[in-house]
Number of protein chains: 2
Amino acid sequence: MALRHAVLAALLDGELSGYHLAKAFDVGVANFWYAQPQQLYAELTRLEQQGLVAGREVVQESRPNKRLFHVTDAGLAELEAFTAASAKPAFVRDDLMVKVQAADSVDTATLIDQLTERAEIARARIELFEALLRRLRGDRGEEDFLRHGDRIGPYLTCLRGVAFEQENRDWCLRTVAVLEERRHTRARN
Amino acid sequence: MALRHAVLAALLDGELSGYHLAKAFDVGVANFWYAQPQQLYAELTRLEQQGLVAGREVVQESRPNKRLFHVTDAGLAELEAFTAASAKPAFVRDDLMVKVQAADSVDTATLIDQLTERAEIARARIELFEALLRRLRGDRGEEDFLRHGDRIGPYLTCLRGVAFEQENRDWCLRTVAVLEERRHTRARN
DNA sequence: TGTGAGTAGTCAGAAAAATGACTATCATGG
DNA sequence: CCATGATAGTCATTTTTCTGACTACTCACA
């Protein structure tokens with residue numbers, strides 16, 4: 001009972017097909033919930049059975065038909081109840097950090113490669129999110145938008161995403177620098 | 001096959017019982033892997049069966065006996081192989097951010113409470129981690145320790161933990177400020 | 001002419017994680 | 001004397017999540 005709320009929250013952006021929902025989960029939503037497309041389709045089916053979302057078939061000509069979903073009143077009530085309940089602590093799960101934790105006992109060469117790659121991914125995501133932020137706030141300034149804008153939820157979570165990825169990138173680069181210096185120091189001994 | 005590597009990496013700190021491993025997962029390790037004590041006990045059993053860790057019984061007088069585990073050579077080899085393999089992308093899962101995503105459609109009063117509470121938790125964790133960092137580096141400066149220290153893995157992941165929680169705290173407070181201002185603005189209309 | 005990429009979705013089954021209910025002992029405080 | 005909290009761990013079951021393998025159609029490119 002967790003993915004369901006993330007799906008409901010994502011669908012507040014407007015009607016989405018399972019496919020487009022998966023796209024949304026790849027960008028903005030990934031900042032706070034990670035899920036595979038197959039999970040989303042399954043979850044949409046369950047949510048529809050329970051009346052929390054409703055779907056309508058859209059016939060398309062140049063591509064396969066799709067079903068667009070929107071949140072129902074019951075779905076909104078469910079989100080409301082979820083918000084009122086106490087939140088579980090956030091958790092991160094990160095293979096790369098497990099590897100860094102073990103850095104003293106394993107070969108660091110591939111680790112450095114992976115950290116560098118991760119920093120690059122973080123950089124790309126920062127750009128992506130900043131573009132999204134600009135799109136969301138339109139021609140307004142951030143302060144103005146946050147005060148008077150209509151839908152600030154996605155904007156706020158995206159702000160968090162940017163901060164997270166910046167910190168991610170910086171930490172990766174810093175860690176690479178530390179590991180590399182130690183490699184050289186050891187090589188000399 | 002995910003928790004296993006986090007457990008192996010955590011056990012590099014030295015011999016630990018399942019119970020103490022659970023404690024470690026509550027503090028430092030929680031920065032990159034979240035797990036319940038029961039999962040850890042189960043995982044230790046599996047790891048021992050596969051010869052990746054070895055345990056020894058320690059008889060205690062004033063409290064229940066315990067089993068201390070350490071990583072075997074096979075375990076180290078497994079960690080090495082894991083490090084060489086490509087890392088999956090990190091993922092965050094956070095109820096509270098789901099709620100913020102839906103902030104435009106739900107009651108924000110409890111949300112503000114939860115964000116405030118989360119900021120306080122983050123503050124406490126920052127202090128905890130900073131104490132841990134001081135303990136790990138002893139009387140050395142950070143630069144000196146990172147260059148010449150013995151076990152820098154836990155230090156590096158803990159640095160990330162501090163940065164994450166700082167960002168977390170700041171974002172929560174910022175979000176509270178935004179939501180509160182909007183409440184007042186709306187109240188006036 | 002067929003190959004790959006994008007759109008749209010489904011199914012079955014395996015793996016991983018979470019939950020709740022347990023058993024013990026000792027120490028501490030009231 | 002009883003309750004609480006810390007130490008130390010186990011078991012069984014359910015829930016959730018992940019994975020791989022599928023179907024189908026269209027478009028662009030070589």
# chains A, B, ... in the order shown; residues from 1 in each chain; ligands from 1
>>> interface_residues(of="chain D", to="chain A", cutoff="12 Å", atoms="only C-alpha atoms (C1' of nucleotides)", output="PyMOL selection string")
chain D and resi 15-20+23-27
>>> write_last_selection(atoms="N, CA and C atoms (P, O5', C5', C4', C3', O3' and C1' of nucleotides)", output="CSV table (one decimal), in the first residue's frame")
chain,number,residue,atom,x,y,z
D,15,DT,P,-2.1,-10.0,2.7
D,15,DT,O5',-1.0,-8.9,2.2
D,15,DT,C5',0.0,-8.4,3.2
D,15,DT,C4',1.0,-7.6,2.4
D,15,DT,C3',0.6,-7.0,1.1
D,15,DT,O3',0.9,-5.6,1.3
D,15,DT,C1',2.6,-8.2,0.8
D,16,DT,P,0.5,-4.4,0.2
D,16,DT,O5',2.0,-4.2,-0.5
D,16,DT,C5',3.1,-4.5,0.2
D,16,DT,C4',4.4,-4.5,-0.7
D,16,DT,C3',4.3,-3.8,-2.0
D,16,DT,O3',5.3,-2.8,-1.9
D,16,DT,C1',5.2,-6.0,-2.3
D,17,DT,P,5.6,-1.7,-3.1
D,17,DT,O5',6.8,-2.5,-3.9
D,17,DT,C5',7.8,-3.2,-3.2
D,17,DT,C4',8.7,-4.0,-4.1
D,17,DT,C3',8.9,-3.3,-5.5
D,17,DT,O3',10.3,-3.2,-5.6
D,17,DT,C1',8.4,-5.6,-5.8
D,18,DC,P,11.0,-2.5,-6.9
D,18,DC,O5',11.5,-3.8,-7.7
D,18,DC,C5',12.1,-4.9,-7.0
D,18,DC,C4',12.4,-6.0,-8.0
D,18,DC,C3',12.9,-5.6,-9.3
D,18,DC,O3',14.2,-6.3,-9.5
D,18,DC,C1',11.1,-7.2,-9.5
D,19,DT,P,15.0,-6.1,-10.9
D,19,DT,O5',14.5,-7.3,-11.8
D,19,DT,C5',14.4,-8.6,-11.2
D,19,DT,C4',14.0,-9.6,-12.4
D,19,DT,C3',14.5,-9.1,-13.8
D,19,DT,O3',15.4,-10.1,-14.2
D,19,DT,C1',12.2,-9.8,-13.7
D,20,DG,P,16.0,-10.0,-15.7
D,20,DG,O5',15.1,-10.9,-16.6
D,20,DG,C5',14.5,-12.1,-16.0
D,20,DG,C4',13.6,-12.7,-17.0
D,20,DG,C3',14.0,-12.4,-18.5
D,20,DG,O3',13.9,-13.7,-19.2
D,20,DG,C1',11.8,-11.8,-18.1
D,23,DT,P,4.8,-13.5,-28.8
D,23,DT,O5',3.7,-12.4,-28.7
D,23,DT,C5',2.5,-12.7,-28.0
D,23,DT,C4',1.5,-11.5,-28.1
D,23,DT,C3',1.4,-11.0,-29.6
D,23,DT,O3',0.0,-10.9,-29.9
D,23,DT,C1',2.0,-9.2,-28.2
D,24,DA,P,-0.6,-11.0,-31.4
D,24,DA,O5',-0.9,-9.5,-31.8
D,24,DA,C5',-0.1,-8.5,-31.2
D,24,DA,C4',-0.5,-7.2,-31.7
D,24,DA,C3',-0.2,-6.9,-33.1
D,24,DA,O3',-1.2,-6.2,-33.7
D,24,DA,C1',1.1,-5.5,-31.7
D,25,DC,P,-1.3,-6.0,-35.3
D,25,DC,O5',-1.0,-4.4,-35.5
D,25,DC,C5',-1.7,-3.5,-34.8
D,25,DC,C4',-0.9,-2.2,-34.8
D,25,DC,C3',-0.4,-1.8,-36.1
D,25,DC,O3',-1.0,-0.6,-36.6
D,25,DC,C1',1.2,-1.5,-34.4
D,26,DT,P,-0.7,0.0,-38.1
D,26,DT,O5',0.4,1.0,-37.8
D,26,DT,C5',0.2,2.1,-36.9
D,26,DT,C4',1.4,3.0,-36.8
D,26,DT,C3',2.0,3.4,-38.2
D,26,DT,O3',2.0,4.8,-38.2
D,26,DT,C1',3.7,2.5,-36.8
D,27,DC,P,2.3,5.6,-39.6
D,27,DC,O5',3.8,6.1,-39.3
D,27,DC,C5',4.2,6.6,-38.1
D,27,DC,C4',5.7,6.7,-38.0
D,27,DC,C3',6.4,7.1,-39.4
D,27,DC,O3',7.1,8.3,-39.1
D,27,DC,C1',7.4,5.2,-38.5
>>> residues_around(residues="A:Glu180", least_positions_apart="4", cutoff="9 Å", atoms="only C-alpha atoms (C1' of nucleotides)", output="PyMOL selection string")
chain A and resi 108-109+112+175-176+184-185
>>> write_last_selection(atoms="C-alpha atoms", output="PDB file, in the first residue's frame")
ATOM      1  CA  THR A 108      38.809   0.813  -6.322  1.00  0.00           C
ATOM      2  CA  ALA A 109      39.480   1.131 -10.060  1.00  0.00           C
ATOM      3  CA  ILE A 112      36.076   5.167  -9.481  1.00  0.00           C
ATOM      4  CA  THR A 175      34.869  10.521  -3.359  1.00  0.00           C
ATOM      5  CA  VAL A 176      36.600   9.935  -6.694  1.00  0.00           C
ATOM      6  CA  HIS A 184      48.654   7.209  -6.056  1.00  0.00           C
ATOM      7  CA  THR A 185      49.890   7.332  -2.497  1.00  0.00           C
TER       8      THR A 185
END
>>> select_by_dssp(residues="stretch 18-135 of chain A", states="strand (DSSP E or B)", output="PDB file with N, CA and C atoms, in the first residue's frame")
ATOM      1  N   VAL A  53      -9.309   5.286  -9.307  1.00  0.00           N
ATOM      2  CA  VAL A  53      -9.067   5.986 -10.568  1.00  0.00           C
ATOM      3  C   VAL A  53     -10.106   5.496 -11.574  1.00  0.00           C
ATOM      4  N   ALA A  54     -10.326   6.284 -12.608  1.00  0.00           N
ATOM      5  CA  ALA A  54     -11.220   5.850 -13.677  1.00  0.00           C
ATOM      6  C   ALA A  54     -10.490   6.026 -14.997  1.00  0.00           C
ATOM      7  N   GLY A  55     -10.715   5.101 -15.898  1.00  0.00           N
ATOM      8  CA  GLY A  55     -10.009   5.169 -17.174  1.00  0.00           C
ATOM      9  C   GLY A  55     -10.984   5.306 -18.323  1.00  0.00           C
ATOM     10  N   ARG A  56     -10.519   5.887 -19.411  1.00  0.00           N
ATOM     11  CA  ARG A  56     -11.355   5.904 -20.607  1.00  0.00           C
ATOM     12  C   ARG A  56     -10.479   5.550 -21.803  1.00  0.00           C
ATOM     13  N   GLU A  57     -11.077   4.793 -22.694  1.00  0.00           N
ATOM     14  CA  GLU A  57     -10.363   4.325 -23.880  1.00  0.00           C
ATOM     15  C   GLU A  57     -10.231   5.467 -24.876  1.00  0.00           C
ATOM     16  N   VAL A  58      -9.044   5.653 -25.414  1.00  0.00           N
ATOM     17  CA  VAL A  58      -8.855   6.642 -26.458  1.00  0.00           C
ATOM     18  C   VAL A  58      -8.359   5.933 -27.707  1.00  0.00           C
ATOM     19  N   LYS A  66      -5.073   3.706 -26.374  1.00  0.00           N
ATOM     20  CA  LYS A  66      -4.567   3.780 -25.007  1.00  0.00           C
ATOM     21  C   LYS A  66      -5.715   4.035 -24.056  1.00  0.00           C
ATOM     22  N   ARG A  67      -5.424   3.877 -22.789  1.00  0.00           N
ATOM     23  CA  ARG A  67      -6.418   4.199 -21.769  1.00  0.00           C
ATOM     24  C   ARG A  67      -5.883   5.316 -20.905  1.00  0.00           C
ATOM     25  N   LEU A  68      -6.662   6.405 -20.816  1.00  0.00           N
ATOM     26  CA  LEU A  68      -6.258   7.535 -19.975  1.00  0.00           C
ATOM     27  C   LEU A  68      -6.948   7.439 -18.627  1.00  0.00           C
ATOM     28  N   PHE A  69      -6.179   7.640 -17.577  1.00  0.00           N
ATOM     29  CA  PHE A  69      -6.718   7.510 -16.223  1.00  0.00           C
ATOM     30  C   PHE A  69      -6.736   8.845 -15.505  1.00  0.00           C
ATOM     31  N   HIS A  70      -7.751   9.004 -14.671  1.00  0.00           N
ATOM     32  CA  HIS A  70      -7.759  10.163 -13.778  1.00  0.00           C
ATOM     33  C   HIS A  70      -8.216   9.718 -12.394  1.00  0.00           C
ATOM     34  N   VAL A  71      -7.880  10.525 -11.411  1.00  0.00           N
ATOM     35  CA  VAL A  71      -8.213  10.218 -10.023  1.00  0.00           C
ATOM     36  C   VAL A  71      -9.678  10.543  -9.766  1.00  0.00           C
ATOM     37  N   PHE A  91      13.588   6.208   2.866  1.00  0.00           N
ATOM     38  CA  PHE A  91      14.804   5.430   2.770  1.00  0.00           C
ATOM     39  C   PHE A  91      15.397   5.400   1.386  1.00  0.00           C
ATOM     40  N   VAL A  92      16.700   5.368   1.417  1.00  0.00           N
ATOM     41  CA  VAL A  92      17.515   5.329   0.217  1.00  0.00           C
ATOM     42  C   VAL A  92      18.056   3.912   0.109  1.00  0.00           C
ATOM     43  N   ARG A  93      18.148   3.440  -1.095  1.00  0.00           N
ATOM     44  CA  ARG A  93      18.866   2.184  -1.315  1.00  0.00           C
ATOM     45  C   ARG A  93      19.798   2.401  -2.480  1.00  0.00           C
TER      46      ARG A  93
END
>>> interface_residues(of="chain C", to="chain A", cutoff="12 Å", atoms="only C-alpha atoms (C1' of nucleotides)", output="count of residues only")
7
>>> residues_around(residues="C:DG20", least_positions_apart="4", cutoff="12 Å", atoms="only C-alpha atoms (C1' of nucleotides)", output="PDB file with N, CA and C atoms (P, O5', C5', C4', C3', O3' and C1' of nucleotides), in the first residue's frame")
ATOM      1  N   GLN B  38      14.719  -8.311  11.598  1.00  0.00           N
ATOM      2  CA  GLN B  38      14.374  -9.688  11.195  1.00  0.00           C
ATOM      3  C   GLN B  38      14.999 -10.059   9.865  1.00  0.00           C
TER       4      GLN B  38
ATOM      5  P    DC D  11      13.941 -20.819  13.996  1.00  0.00           P
ATOM      6  O5'  DC D  11      12.424 -20.475  13.641  1.00  0.00           O
ATOM      7  C5'  DC D  11      11.459 -20.435  14.695  1.00  0.00           C
ATOM      8  C4'  DC D  11      10.102 -20.051  14.110  1.00  0.00           C
ATOM      9  C3'  DC D  11       9.901 -20.481  12.665  1.00  0.00           C
ATOM     10  O3'  DC D  11       8.759 -21.327  12.632  1.00  0.00           O
ATOM     11  C1'  DC D  11       9.344 -18.178  12.969  1.00  0.00           C
ATOM     12  P    DA D  12       8.338 -22.080  11.252  1.00  0.00           P
ATOM     13  O5'  DA D  12       7.081 -21.192  10.841  1.00  0.00           O
ATOM     14  C5'  DA D  12       6.193 -20.693  11.851  1.00  0.00           C
ATOM     15  C4'  DA D  12       5.169 -19.800  11.167  1.00  0.00           C
ATOM     16  C3'  DA D  12       4.839 -20.238   9.744  1.00  0.00           C
ATOM     17  O3'  DA D  12       3.434 -20.167   9.589  1.00  0.00           O
ATOM     18  C1'  DA D  12       5.619 -18.010   9.719  1.00  0.00           C
ATOM     19  P    DT D  13       2.748 -20.642   8.193  1.00  0.00           P
ATOM     20  O5'  DT D  13       2.242 -19.247   7.614  1.00  0.00           O
ATOM     21  C5'  DT D  13       1.734 -18.251   8.517  1.00  0.00           C
ATOM     22  C4'  DT D  13       1.592 -16.937   7.791  1.00  0.00           C
ATOM     23  C3'  DT D  13       1.161 -17.084   6.326  1.00  0.00           C
ATOM     24  O3'  DT D  13      -0.050 -16.373   6.167  1.00  0.00           O
ATOM     25  C1'  DT D  13       3.004 -15.576   6.539  1.00  0.00           C
ATOM     26  P    DT D  14      -0.790 -16.351   4.701  1.00  0.00           P
ATOM     27  O5'  DT D  14      -0.671 -14.788   4.394  1.00  0.00           O
ATOM     28  C5'  DT D  14      -0.733 -13.855   5.474  1.00  0.00           C
ATOM     29  C4'  DT D  14      -0.160 -12.519   5.015  1.00  0.00           C
ATOM     30  C3'  DT D  14      -0.710 -12.085   3.648  1.00  0.00           C
ATOM     31  O3'  DT D  14      -1.163 -10.752   3.858  1.00  0.00           O
ATOM     32  C1'  DT D  14       1.679 -11.996   3.655  1.00  0.00           C
TER      33       DT D  14
END
>>> select_by_dssp(residues="stretch 35-148 of chain B", states="helix (DSSP H, G or I)", output="VMD selection string")
chain B and resid 37 to 49 73 to 84 95 to 101 109 to 137 142 to 148
>>> residues_around(residues="B:Arg4", least_positions_apart="3", cutoff="12 Å", atoms="only C-alpha atoms (C1' of nucleotides)", output="number ranges by chain")
A: 95, 98; B: 1, 7-11, 33, 35, 39-48, 50, 52-53, 71, 75-76, 78-79, 82; C: 16
>>> residues_around(residues="A:Ala81", least_positions_apart="6", cutoff="12 Å", atoms="only C-alpha atoms (C1' of nucleotides)", output="PyMOL selection string")
(chain A and resi 5+74-75+87) or (chain B and resi 99+102+105-107+110-111)
>>> decode(residues="stretch 9-25 of chain D", atoms="N, CA and C atoms (P, O5', C5', C4', C3', O3' and C1' of nucleotides)", output="PDB file, in the first residue's frame")
ATOM      1  P    DG D   9      22.459 -12.335  18.629  1.00  0.00           P
ATOM      2  O5'  DG D   9      21.028 -12.950  18.294  1.00  0.00           O
ATOM      3  C5'  DG D   9      20.704 -14.174  18.940  1.00  0.00           C
ATOM      4  C4'  DG D   9      19.271 -14.509  18.738  1.00  0.00           C
ATOM      5  C3'  DG D   9      18.859 -14.798  17.301  1.00  0.00           C
ATOM      6  O3'  DG D   9      18.904 -16.192  17.105  1.00  0.00           O
ATOM      7  C1'  DG D   9      17.137 -13.797  18.609  1.00  0.00           C
ATOM      8  P    DT D  10      18.711 -16.830  15.683  1.00  0.00           P
ATOM      9  O5'  DT D  10      17.159 -17.224  15.701  1.00  0.00           O
ATOM     10  C5'  DT D  10      16.628 -17.908  16.830  1.00  0.00           C
ATOM     11  C4'  DT D  10      15.149 -18.153  16.592  1.00  0.00           C
ATOM     12  C3'  DT D  10      14.813 -18.627  15.173  1.00  0.00           C
ATOM     13  O3'  DT D  10      14.218 -19.917  15.306  1.00  0.00           O
ATOM     14  C1'  DT D  10      13.347 -16.878  15.864  1.00  0.00           C
ATOM     15  P    DC D  11      13.941 -20.819  13.996  1.00  0.00           P
ATOM     16  O5'  DC D  11      12.424 -20.475  13.641  1.00  0.00           O
ATOM     17  C5'  DC D  11      11.459 -20.435  14.695  1.00  0.00           C
ATOM     18  C4'  DC D  11      10.102 -20.051  14.110  1.00  0.00           C
ATOM     19  C3'  DC D  11       9.901 -20.481  12.665  1.00  0.00           C
ATOM     20  O3'  DC D  11       8.759 -21.327  12.632  1.00  0.00           O
ATOM     21  C1'  DC D  11       9.344 -18.178  12.969  1.00  0.00           C
ATOM     22  P    DA D  12       8.338 -22.080  11.252  1.00  0.00           P
ATOM     23  O5'  DA D  12       7.081 -21.192  10.841  1.00  0.00           O
ATOM     24  C5'  DA D  12       6.193 -20.693  11.851  1.00  0.00           C
ATOM     25  C4'  DA D  12       5.169 -19.800  11.167  1.00  0.00           C
ATOM     26  C3'  DA D  12       4.839 -20.238   9.744  1.00  0.00           C
ATOM     27  O3'  DA D  12       3.434 -20.167   9.589  1.00  0.00           O
ATOM     28  C1'  DA D  12       5.619 -18.010   9.719  1.00  0.00           C
ATOM     29  P    DT D  13       2.748 -20.642   8.193  1.00  0.00           P
ATOM     30  O5'  DT D  13       2.242 -19.247   7.614  1.00  0.00           O
ATOM     31  C5'  DT D  13       1.734 -18.251   8.517  1.00  0.00           C
ATOM     32  C4'  DT D  13       1.592 -16.937   7.791  1.00  0.00           C
ATOM     33  C3'  DT D  13       1.161 -17.084   6.326  1.00  0.00           C
ATOM     34  O3'  DT D  13      -0.050 -16.373   6.167  1.00  0.00           O
ATOM     35  C1'  DT D  13       3.004 -15.576   6.539  1.00  0.00           C
ATOM     36  P    DT D  14      -0.790 -16.351   4.701  1.00  0.00           P
ATOM     37  O5'  DT D  14      -0.671 -14.788   4.394  1.00  0.00           O
ATOM     38  C5'  DT D  14      -0.733 -13.855   5.474  1.00  0.00           C
ATOM     39  C4'  DT D  14      -0.160 -12.519   5.015  1.00  0.00           C
ATOM     40  C3'  DT D  14      -0.710 -12.085   3.648  1.00  0.00           C
ATOM     41  O3'  DT D  14      -1.163 -10.752   3.858  1.00  0.00           O
ATOM     42  C1'  DT D  14       1.679 -11.996   3.655  1.00  0.00           C
ATOM     43  P    DT D  15      -2.055  -9.977   2.707  1.00  0.00           P
ATOM     44  O5'  DT D  15      -1.014  -8.872   2.237  1.00  0.00           O
ATOM     45  C5'  DT D  15      -0.039  -8.377   3.158  1.00  0.00           C
ATOM     46  C4'  DT D  15       1.043  -7.618   2.421  1.00  0.00           C
ATOM     47  C3'  DT D  15       0.582  -6.963   1.119  1.00  0.00           C
ATOM     48  O3'  DT D  15       0.902  -5.605   1.309  1.00  0.00           O
ATOM     49  C1'  DT D  15       2.613  -8.176   0.790  1.00  0.00           C
ATOM     50  P    DT D  16       0.538  -4.435   0.205  1.00  0.00           P
ATOM     51  O5'  DT D  16       1.962  -4.155  -0.465  1.00  0.00           O
ATOM     52  C5'  DT D  16       3.143  -4.531   0.226  1.00  0.00           C
ATOM     53  C4'  DT D  16       4.360  -4.547  -0.674  1.00  0.00           C
ATOM     54  C3'  DT D  16       4.268  -3.771  -1.983  1.00  0.00           C
ATOM     55  O3'  DT D  16       5.300  -2.805  -1.884  1.00  0.00           O
ATOM     56  C1'  DT D  16       5.206  -5.950  -2.344  1.00  0.00           C
ATOM     57  P    DT D  17       5.631  -1.748  -3.054  1.00  0.00           P
ATOM     58  O5'  DT D  17       6.756  -2.544  -3.876  1.00  0.00           O
ATOM     59  C5'  DT D  17       7.797  -3.206  -3.171  1.00  0.00           C
ATOM     60  C4'  DT D  17       8.673  -3.991  -4.137  1.00  0.00           C
ATOM     61  C3'  DT D  17       8.907  -3.315  -5.492  1.00  0.00           C
ATOM     62  O3'  DT D  17      10.308  -3.182  -5.592  1.00  0.00           O
ATOM     63  C1'  DT D  17       8.369  -5.606  -5.776  1.00  0.00           C
ATOM     64  P    DC D  18      11.003  -2.519  -6.915  1.00  0.00           P
ATOM     65  O5'  DC D  18      11.485  -3.820  -7.717  1.00  0.00           O
ATOM     66  C5'  DC D  18      12.140  -4.872  -6.999  1.00  0.00           C
ATOM     67  C4'  DC D  18      12.430  -6.029  -7.952  1.00  0.00           C
ATOM     68  C3'  DC D  18      12.938  -5.608  -9.328  1.00  0.00           C
ATOM     69  O3'  DC D  18      14.159  -6.306  -9.518  1.00  0.00           O
ATOM     70  C1'  DC D  18      11.133  -7.169  -9.524  1.00  0.00           C
ATOM     71  P    DT D  19      15.009  -6.070 -10.886  1.00  0.00           P
ATOM     72  O5'  DT D  19      14.521  -7.272 -11.810  1.00  0.00           O
ATOM     73  C5'  DT D  19      14.356  -8.564 -11.245  1.00  0.00           C
ATOM     74  C4'  DT D  19      14.020  -9.564 -12.359  1.00  0.00           C
ATOM     75  C3'  DT D  19      14.468  -9.134 -13.752  1.00  0.00           C
ATOM     76  O3'  DT D  19      15.379 -10.121 -14.212  1.00  0.00           O
ATOM     77  C1'  DT D  19      12.151  -9.802 -13.744  1.00  0.00           C
ATOM     78  P    DG D  20      16.047  -9.952 -15.710  1.00  0.00           P
ATOM     79  O5'  DG D  20      15.104 -10.886 -16.596  1.00  0.00           O
ATOM     80  C5'  DG D  20      14.540 -12.057 -16.025  1.00  0.00           C
ATOM     81  C4'  DG D  20      13.622 -12.712 -17.036  1.00  0.00           C
ATOM     82  C3'  DG D  20      13.999 -12.442 -18.495  1.00  0.00           C
ATOM     83  O3'  DG D  20      13.902 -13.682 -19.190  1.00  0.00           O
ATOM     84  C1'  DG D  20      11.754 -11.757 -18.099  1.00  0.00           C
ATOM     85  P    DA D  21      14.188 -13.763 -20.775  1.00  0.00           P
ATOM     86  O5'  DA D  21      12.717 -13.968 -21.342  1.00  0.00           O
ATOM     87  C5'  DA D  21      11.833 -14.884 -20.668  1.00  0.00           C
ATOM     88  C4'  DA D  21      10.445 -14.733 -21.259  1.00  0.00           C
ATOM     89  C3'  DA D  21      10.458 -14.544 -22.779  1.00  0.00           C
ATOM     90  O3'  DA D  21       9.556 -15.460 -23.391  1.00  0.00           O
ATOM     91  C1'  DA D  21       9.154 -12.869 -21.738  1.00  0.00           C
ATOM     92  P    DC D  22       9.606 -15.731 -24.961  1.00  0.00           P
ATOM     93  O5'  DC D  22       8.136 -15.325 -25.385  1.00  0.00           O
ATOM     94  C5'  DC D  22       7.848 -13.967 -25.544  1.00  0.00           C
ATOM     95  C4'  DC D  22       6.394 -13.676 -25.306  1.00  0.00           C
ATOM     96  C3'  DC D  22       5.794 -12.946 -26.498  1.00  0.00           C
ATOM     97  O3'  DC D  22       5.070 -13.870 -27.283  1.00  0.00           O
ATOM     98  C1'  DC D  22       5.421 -11.715 -24.456  1.00  0.00           C
ATOM     99  P    DT D  23       4.809 -13.523 -28.845  1.00  0.00           P
ATOM    100  O5'  DT D  23       3.652 -12.415 -28.749  1.00  0.00           O
ATOM    101  C5'  DT D  23       2.488 -12.668 -27.957  1.00  0.00           C
ATOM    102  C4'  DT D  23       1.542 -11.499 -28.131  1.00  0.00           C
ATOM    103  C3'  DT D  23       1.385 -11.046 -29.581  1.00  0.00           C
ATOM    104  O3'  DT D  23       0.009 -10.943 -29.898  1.00  0.00           O
ATOM    105  C1'  DT D  23       1.985  -9.205 -28.209  1.00  0.00           C
ATOM    106  P    DA D  24      -0.557 -11.017 -31.432  1.00  0.00           P
ATOM    107  O5'  DA D  24      -0.879  -9.512 -31.819  1.00  0.00           O
ATOM    108  C5'  DA D  24      -0.137  -8.532 -31.199  1.00  0.00           C
ATOM    109  C4'  DA D  24      -0.540  -7.170 -31.651  1.00  0.00           C
ATOM    110  C3'  DA D  24      -0.196  -6.903 -33.109  1.00  0.00           C
ATOM    111  O3'  DA D  24      -1.243  -6.159 -33.695  1.00  0.00           O
ATOM    112  C1'  DA D  24       1.068  -5.475 -31.654  1.00  0.00           C
ATOM    113  P    DC D  25      -1.297  -5.988 -35.346  1.00  0.00           P
ATOM    114  O5'  DC D  25      -0.970  -4.436 -35.540  1.00  0.00           O
ATOM    115  C5'  DC D  25      -1.719  -3.462 -34.816  1.00  0.00           C
ATOM    116  C4'  DC D  25      -0.917  -2.173 -34.770  1.00  0.00           C
ATOM    117  C3'  DC D  25      -0.354  -1.772 -36.132  1.00  0.00           C
ATOM    118  O3'  DC D  25      -1.034  -0.625 -36.606  1.00  0.00           O
ATOM    119  C1'  DC D  25       1.235  -1.492 -34.370  1.00  0.00           C
TER     120       DC D  25
END
